[in-house]
Amino acid sequence: MAQAIIEITNVHKRFGHVEALKGVDLTVMEGEVIVIIGPSGSGKSTLLRCINRLEEYEKGSIVVDGIPLDTNQNINAVRREVGMVFQSFNLFAHLTVMQNLMLAQTTVRKRTKEEAEKVSRELLVKVGIPEKAESYPSQLSGGQQQRVAIARALAMNPRVMLFDEPTSALDPEMIKEVLDVMASLAKEGMTMLVVSHEMGFARAAAHRVIFMDEGQIVEEAPPELFFASPTQERTQLFLSKILHL
Amino acid sequence: MEQQEKNAPNRELSFVTGGEVNIRQDPWWWLVVTVIAIIILLVMIAPFPFKDIVVFARDGVLVTILVTISSYFLMLILGLFGGLGRLSKNKLVFGISSLYVEIIRGIPLLVQLIAWYFASPVVIQKIGVWLNFAPLMYYRANPIITAIVAITVCYGAYMSEIVRSGIQSIPKGQMEAARSLGMSHFQAMRYVVLPQAFRVILPPMGNEFIALLKDSSLVSVVAVADITRKGREFMSAHFNPIETWLMVALLYLVLTLVAARVVSYIEKRSKRGS
């Protein structure tokens with residue numbers, strides 16, 4: 001955990017009149033796992049989407065792995081290094097699981113079909129569904145689809161993985177299978193930014209928990225400290241609402 | 001591997017002998033058979049004028065098919081670019097394609113055909129005189145090419161809107177996922193969005209083909225010897241409007257009914273994958 005891999009400096013972003021991000025600073029070290037929590041509309045997904053430039057930002061700078069997000073060329077270079085997992089999976093509906101995993105490998109990484117297929121098969125074993133290689137996304141459960149989506153992102157050998165509420169669209173009994181995959185990824189030393197309200201995952205896997213509200217980072221701390229003794233009033237209020245059980 | 005090799009020729013065969021399979025799967029083929037049977041019956045019962053009409057209009061059928069198929073494929077290409085243009089962030093591209101769609105949709109195809117045939121050659125000749133360039137000065141419109149251009153331009157505008165709505169029906173997340181994997185906008189369109197949009201627009205594309213086939217009869221006013229024009233020529237020579245237009249209608253019906261069956265077959269096949 002020596003080197004900074006993502007450096008976010010004073011990033012501002014607005015949607016029309018709404019200020020989604022009001023000057024966010026964040027440095028992510030290599031191998032670090034960060035869980036971002038906060039009420040809806042607090043800007044946590046927007047921050048994540050700024051890192052691979054799915055959203056443009058007006059002010060500030062983001063540097064990923066030494067590459068500043070400015071030119072189109074650099075944006076594509078960053079996207080190759082940053083994998084993203086979405087709330088709604090976003091698997092390519094017209095392609096089989098295997099084709100979903102292979103497409104970007106052959107078109108972006110310029111791997112041969114054989115290489116790409118080998119990588120894909122290994123990753124499907126890793127996420128626990130090698131038998132679904134020839135299925136279409138519509139034939140899979142939500143949990144299986146999300147695991148395929150994780151495998152698809154990993155197939156590009158990213159240095160950073162972004163998870164945008166990866167379990168929010170899942171039925172309760174499928175959340176664990178996805179979190180297990182994420183936890184094992186964290187254990188392998190993958191740098192991860194996770195927007196999620198899975199507190200169990202935050203406690204077990206995160207190095208840092210960040211609380212965002214109204215476009216700003218309000219509080220950040222290691223999970224044991226964060227949950228035991230939050231210092232900010234807004235954090236305490238939010239935690240008291242979501243930890244009601 | 002071995003199994004694939006064994007299966008492949010069989011699949012090929014069942015495709016070739018599709019005619020019979022289709023009749024069993026798709027009873028509407030019987031309607032096609034019935035119409036063809038009526039034509040044959042009429043020709044046998046009353047060779048004059050029915051056989052004469054069919055023989056006289058034979059070339060017209062080929063012209064109708066030629067005009068329909070060539071303008072259909074050209075207008076698909078034009079519609080693809082028009083539809084992409086309508087979604088472009090580039091204001092100039094968006095403006096040009098929107099203007100094209102709005103203006104062309106507002107003018108009847110018949111008027112467009114006549115304008116292309118009678119007005120555009122004069123314009124080209126005048127430009128030729130102005131440039132003092134002989135090939136343009138003595139330009140004369142080729143009826144079939146002019147007709148294909150006119151239909152392509154007109155139907156391309158409708159197709160642009162079909163393509164645009166098809167692309168817009170694909171969830172935004174598909175594009176985002178592709179871009180997040182490092183694919184360029186072009187690659188994401190080519191491999192992810194357009195193949196899915198294609199399935200959505202297949203039914204309206206089929207409708208367009210049948211509509212275009214029927215509208216191709218309008219080219220008869222600009223000296224293209226299609227089925228309709230052949231019918232008019234036969235009627236003026238022999239004065240039997242009832243038989244002539246009955247036969248012309250039946251010939252069109254065979255073409256449109258066959259086209260409708262092919263369209264429905266393609267739609268069924270495309271659904272199989274999903």
# chains A, B, ... in the order shown; residues from 1 in each chain; ligands from 1
$ select_by_dssp --residues "stretch 28-168 of chain A" --states "strand (DSSP E or B)" --output "MDAnalysis selection string"
chainID A and resid 28:29 33:37 59:64 67:68 82:85 160:164
$ residues_around --residues "B:Leu251" --least-positions-apart "2" --cutoff "10 Å" --atoms "only C-alpha atoms" --output "count of residues only"
18
$ interface_residues --of "chain A" --to "chain B" --cutoff "10 Å" --atoms "only C-alpha atoms" --output "ChimeraX atom specification"
/A:49,52-54,72-73,75-96,100,103-105,107-109,135-139,149,152-156,158
$ residues_around --residues "stretch 75-82 of chain B" --least-positions-apart "5" --cutoff "10 Å" --atoms "only C-alpha atoms" --output "compact mmCIF listing (two decimals) with C-alpha atoms, in the first residue's frame"
# COMPACT_ATOMS: atom_id res chain seq x y z
CA ILE B 69 -34.96 -4.08 -53.64
CA SER B 70 -32.33 -1.57 -54.70
CA LEU B 87 -28.56 11.28 -32.14
CA SER B 88 -25.29 13.09 -32.78
CA VAL B 93 -24.64 16.81 -38.05
CA PHE B 94 -27.75 16.85 -35.90
CA ILE B 96 -28.56 18.58 -41.18
CA SER B 97 -30.09 15.19 -40.46
CA SER B 98 -33.06 16.72 -38.61
CA TYR B 100 -33.55 16.30 -43.93
CA VAL B 101 -36.04 14.21 -41.98
CA ILE B 148 -34.52 4.69 -57.11
CA VAL B 149 -32.91 7.93 -55.90
CA ILE B 151 -37.63 6.54 -53.23
CA THR B 152 -34.32 6.12 -51.35
CA VAL B 153 -34.29 9.75 -50.24
CA CYS B 154 -37.95 9.68 -49.19
CA TYR B 155 -37.90 6.36 -47.36
CA GLY B 156 -34.48 7.13 -45.87
CA ALA B 157 -36.15 9.90 -43.87
CA TYR B 158 -38.73 7.52 -42.39
CA MET B 159 -36.02 4.94 -41.78
CA SER B 160 -33.90 7.54 -39.95
CA GLU B 161 -36.64 7.95 -37.40
CA ILE B 162 -37.05 4.18 -37.04
CA VAL B 163 -33.30 3.78 -36.47
CA ARG B 164 -33.24 6.68 -34.01
CA LEU B 194 -26.73 -1.47 -32.96
CA MET B 205 -38.19 -2.54 -41.18
CA GLU B 208 -41.23 -0.44 -44.62
$ select_by_dssp --residues "stretch 65-225 of chain B" --states "alpha helix (DSSP H)" --output "PyMOL selection string"
chain B and resi 65-86+91-105+109-114+120-131+134-137+143-168+172-180+185-188+194-215
$ closest_residue --among "A:Arg147, A:Phe163, A:Lys132, A:Lys118" --to "A:Ile175" --atoms "only C-alpha atoms"
A:Arg147
$ residues_around --residues "B:Asn207" --least-positions-apart "2" --cutoff "12 Å" --atoms "only C-alpha atoms" --output "PyMOL selection string"
chain B and resi 72+155+158-159+162+201-205+209-214+256-257+259-264+267
$ closest_residue --among "A:Leu170, A:Ala116, A:Leu237, A:Ala205" --to "A:Gln144" --atoms "only C-alpha atoms"
A:Leu170
$ atom_distance --atom1 "atom CA of A:Pro39" --atom2 "atom CA of A:Met212"
7.6 Å
